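Some notes on the structure that comes next.
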Amino acid sequence: MRSRRQPSRRHSVVNPTALAELKPGETVLDLGSGGGIDVLLSARRVGPSGKAYGLDMTDEMLALAHENQRKSGVENVEFLKGEIEAIPLPGNSVDVIISNCVINLSGDKDAVLREAFRVLKPGGRFAVSDVVTRGAVPEALRRDMLLWVGCIAGALDEDDYRAKLNAAGFEAITVEPTRVYHVEDAREFLSGKGVDVNAIAALVDGKFMSAFIRASKPRAAASACCTPACCS
Ligand SMILES: C[S@@+](CC[C@H](N)C(=O)[O-])C[C@H]1O[C@@H](n2cnc3c(N)ncnc32)[C@H](O)[C@@H]1O
């Protein structure tokens, strides 16, 4: 049985094909692809006329992903080494961006969302699973809860997530909670930090959640280009 102190690293089981409604022929990019399972699932869904990229910054995860690819026999896949804050792909080259529990780890979420917007084709979809918070929580408790959830760089409040997506240029932004964390789940961890869990329950309960976050790059986005080179 899973220890309560250690919630699943995979906060919500993502079926990328369901989350992003992948179609044959599409190009998909998984930000922070880890062992590559979502990339392989996506590659099968988009078929041989499509392609799935996985992007990760660690050699260990890339090695695991390559090993999983080899075992799966799926060919329309490429794993890239790099950071999600500086995606090593050209602008307007990707139909769908997926990601599971990675963007909350970034210390520069604005850069991640700007880069996601840049690489998406006009009309492209952003469909990720991430941890978000809802409403005000005293700062020390917020830090403790996010540490427990595993968000070392801090999760965004759902309204801030929407605002950052909007600032990056996205439209049709939705945040759909998939799992709400309750203070009881974190009781052992918080007690170990000297927190009186009964006293703070009302301040924390229901304010931390995994969510599907979806948004689109406007179809007219390409018209913002001023030179032929800027869309290359
Ligand atoms: C919690 S794991 C999630 C892996 C995978 N998405 C999954 O659902 O199993 C986070 C992954 O993101 C990668 N990662 C974290 N921050 C990153 C960054 N700034 N750029 C690229 N990869 C990053 C880590 O190396 C790790 O493989």
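Here's how to read the names in the structure tokens: chain A, B, ... by the order shown, residue numbers from 1 in each chain, ligand numbers from 1 in the order shown.
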Considering only C-alpha atoms and all ligand atoms, give me a table of residues in chain A that are at most 8 Å from ligand 1, with the closest atom pair and distance in Å for each, as JSON lines.
```
{"residue": "A:Arg9", "atom": "CA", "partner": "ligand 1", "partner_atom_place_in_ligand_line": "1 (C)", "distance": 5.7}
{"residue": "A:Arg10", "atom": "CA", "partner": "ligand 1", "partner_atom_place_in_ligand_line": "8 (O)", "distance": 5.5}
{"residue": "A:Val13", "atom": "CA", "partner": "ligand 1", "partner_atom_place_in_ligand_line": "8 (O)", "distance": 7.7}
{"residue": "A:Val14", "atom": "CA", "partner": "ligand 1", "partner_atom_place_in_ligand_line": "8 (O)", "distance": 7.4}
{"residue": "A:Asp30", "atom": "CA", "partner": "ligand 1", "partner_atom_place_in_ligand_line": "6 (N)", "distance": 7.3}
{"residue": "A:Leu31", "atom": "CA", "partner": "ligand 1", "partner_atom_place_in_ligand_line": "22 (N)", "distance": 6.6}
{"residue": "A:Gly32", "atom": "CA", "partner": "ligand 1", "partner_atom_place_in_ligand_line": "12 (O)", "distance": 3.6}
{"residue": "A:Ser33", "atom": "CA", "partner": "ligand 1", "partner_atom_place_in_ligand_line": "6 (N)", "distance": 4.4}
{"residue": "A:Gly34", "atom": "CA", "partner": "ligand 1", "partner_atom_place_in_ligand_line": "27 (O)", "distance": 3.4}
{"residue": "A:Gly35", "atom": "CA", "partner": "ligand 1", "partner_atom_place_in_ligand_line": "9 (O)", "distance": 6.2}
{"residue": "A:Gly36", "atom": "CA", "partner": "ligand 1", "partner_atom_place_in_ligand_line": "5 (C)", "distance": 6.9}
{"residue": "A:Ile37", "atom": "CA", "partner": "ligand 1", "partner_atom_place_in_ligand_line": "9 (O)", "distance": 7.0}
{"residue": "A:Asp38", "atom": "CA", "partner": "ligand 1", "partner_atom_place_in_ligand_line": "8 (O)", "distance": 7.1}
{"residue": "A:Leu55", "atom": "CA", "partner": "ligand 1", "partner_atom_place_in_ligand_line": "21 (C)", "distance": 6.2}
{"residue": "A:Asp56", "atom": "CA", "partner": "ligand 1", "partner_atom_place_in_ligand_line": "22 (N)", "distance": 3.8}
{"residue": "A:Met57", "atom": "CA", "partner": "ligand 1", "partner_atom_place_in_ligand_line": "21 (C)", "distance": 4.2}
{"residue": "A:Thr58", "atom": "CA", "partner": "ligand 1", "partner_atom_place_in_ligand_line": "25 (O)", "distance": 4.8}
{"residue": "A:Met61", "atom": "CA", "partner": "ligand 1", "partner_atom_place_in_ligand_line": "27 (O)", "distance": 5.4}
{"residue": "A:Leu62", "atom": "CA", "partner": "ligand 1", "partner_atom_place_in_ligand_line": "27 (O)", "distance": 8.0}
{"residue": "A:Lys81", "atom": "CA", "partner": "ligand 1", "partner_atom_place_in_ligand_line": "21 (C)", "distance": 7.7}
{"residue": "A:Gly82", "atom": "CA", "partner": "ligand 1", "partner_atom_place_in_ligand_line": "21 (C)", "distance": 5.7}
{"residue": "A:Glu83", "atom": "CA", "partner": "ligand 1", "partner_atom_place_in_ligand_line": "20 (N)", "distance": 3.4}
{"residue": "A:Ile84", "atom": "CA", "partner": "ligand 1", "partner_atom_place_in_ligand_line": "20 (N)", "distance": 4.1}
{"residue": "A:Glu85", "atom": "CA", "partner": "ligand 1", "partner_atom_place_in_ligand_line": "19 (N)", "distance": 6.1}
{"residue": "A:Ser99", "atom": "CA", "partner": "ligand 1", "partner_atom_place_in_ligand_line": "6 (N)", "distance": 5.7}
{"residue": "A:Asn100", "atom": "CA", "partner": "ligand 1", "partner_atom_place_in_ligand_line": "6 (N)", "distance": 4.3}
{"residue": "A:Cys101", "atom": "CA", "partner": "ligand 1", "partner_atom_place_in_ligand_line": "1 (C)", "distance": 5.4}
{"residue": "A:Val102", "atom": "CA", "partner": "ligand 1", "partner_atom_place_in_ligand_line": "10 (C)", "distance": 4.9}
{"residue": "A:Ile103", "atom": "CA", "partner": "ligand 1", "partner_atom_place_in_ligand_line": "16 (N)", "distance": 7.2}
{"residue": "A:Leu105", "atom": "CA", "partner": "ligand 1", "partner_atom_place_in_ligand_line": "16 (N)", "distance": 5.6}
{"residue": "A:Ser106", "atom": "CA", "partner": "ligand 1", "partner_atom_place_in_ligand_line": "19 (N)", "distance": 5.3}
{"residue": "A:Gly107", "atom": "CA", "partner": "ligand 1", "partner_atom_place_in_ligand_line": "19 (N)", "distance": 7.8}
```
- Item | Residue contacts of segment 169-176 of chain A (8 Å, only C-alpha atoms) excluding same-chain residues fewer than 5 positions away, as a PyMOL selection string | chain A and resi 117+158+162+211-218
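The two atoms in question, atom CA of Leu19 of chain A and atom CA of Ala127 of chain A, are spaced 6.4 Å apart.
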- Message: For the structure I just gave you, how does DSSP split segment 63-186 of chain A - specifically, which residues are helix (DSSP H, G or I)? Reply as a PyMOL selection string.
- Response: chain A and resi 63-72+103-105+109-119+139-149+158-168+183-186
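The interatomic distance for the pair atom CA of Val77 of chain A and atom CA of Ala111 of chain A works out to 25.0 Å.
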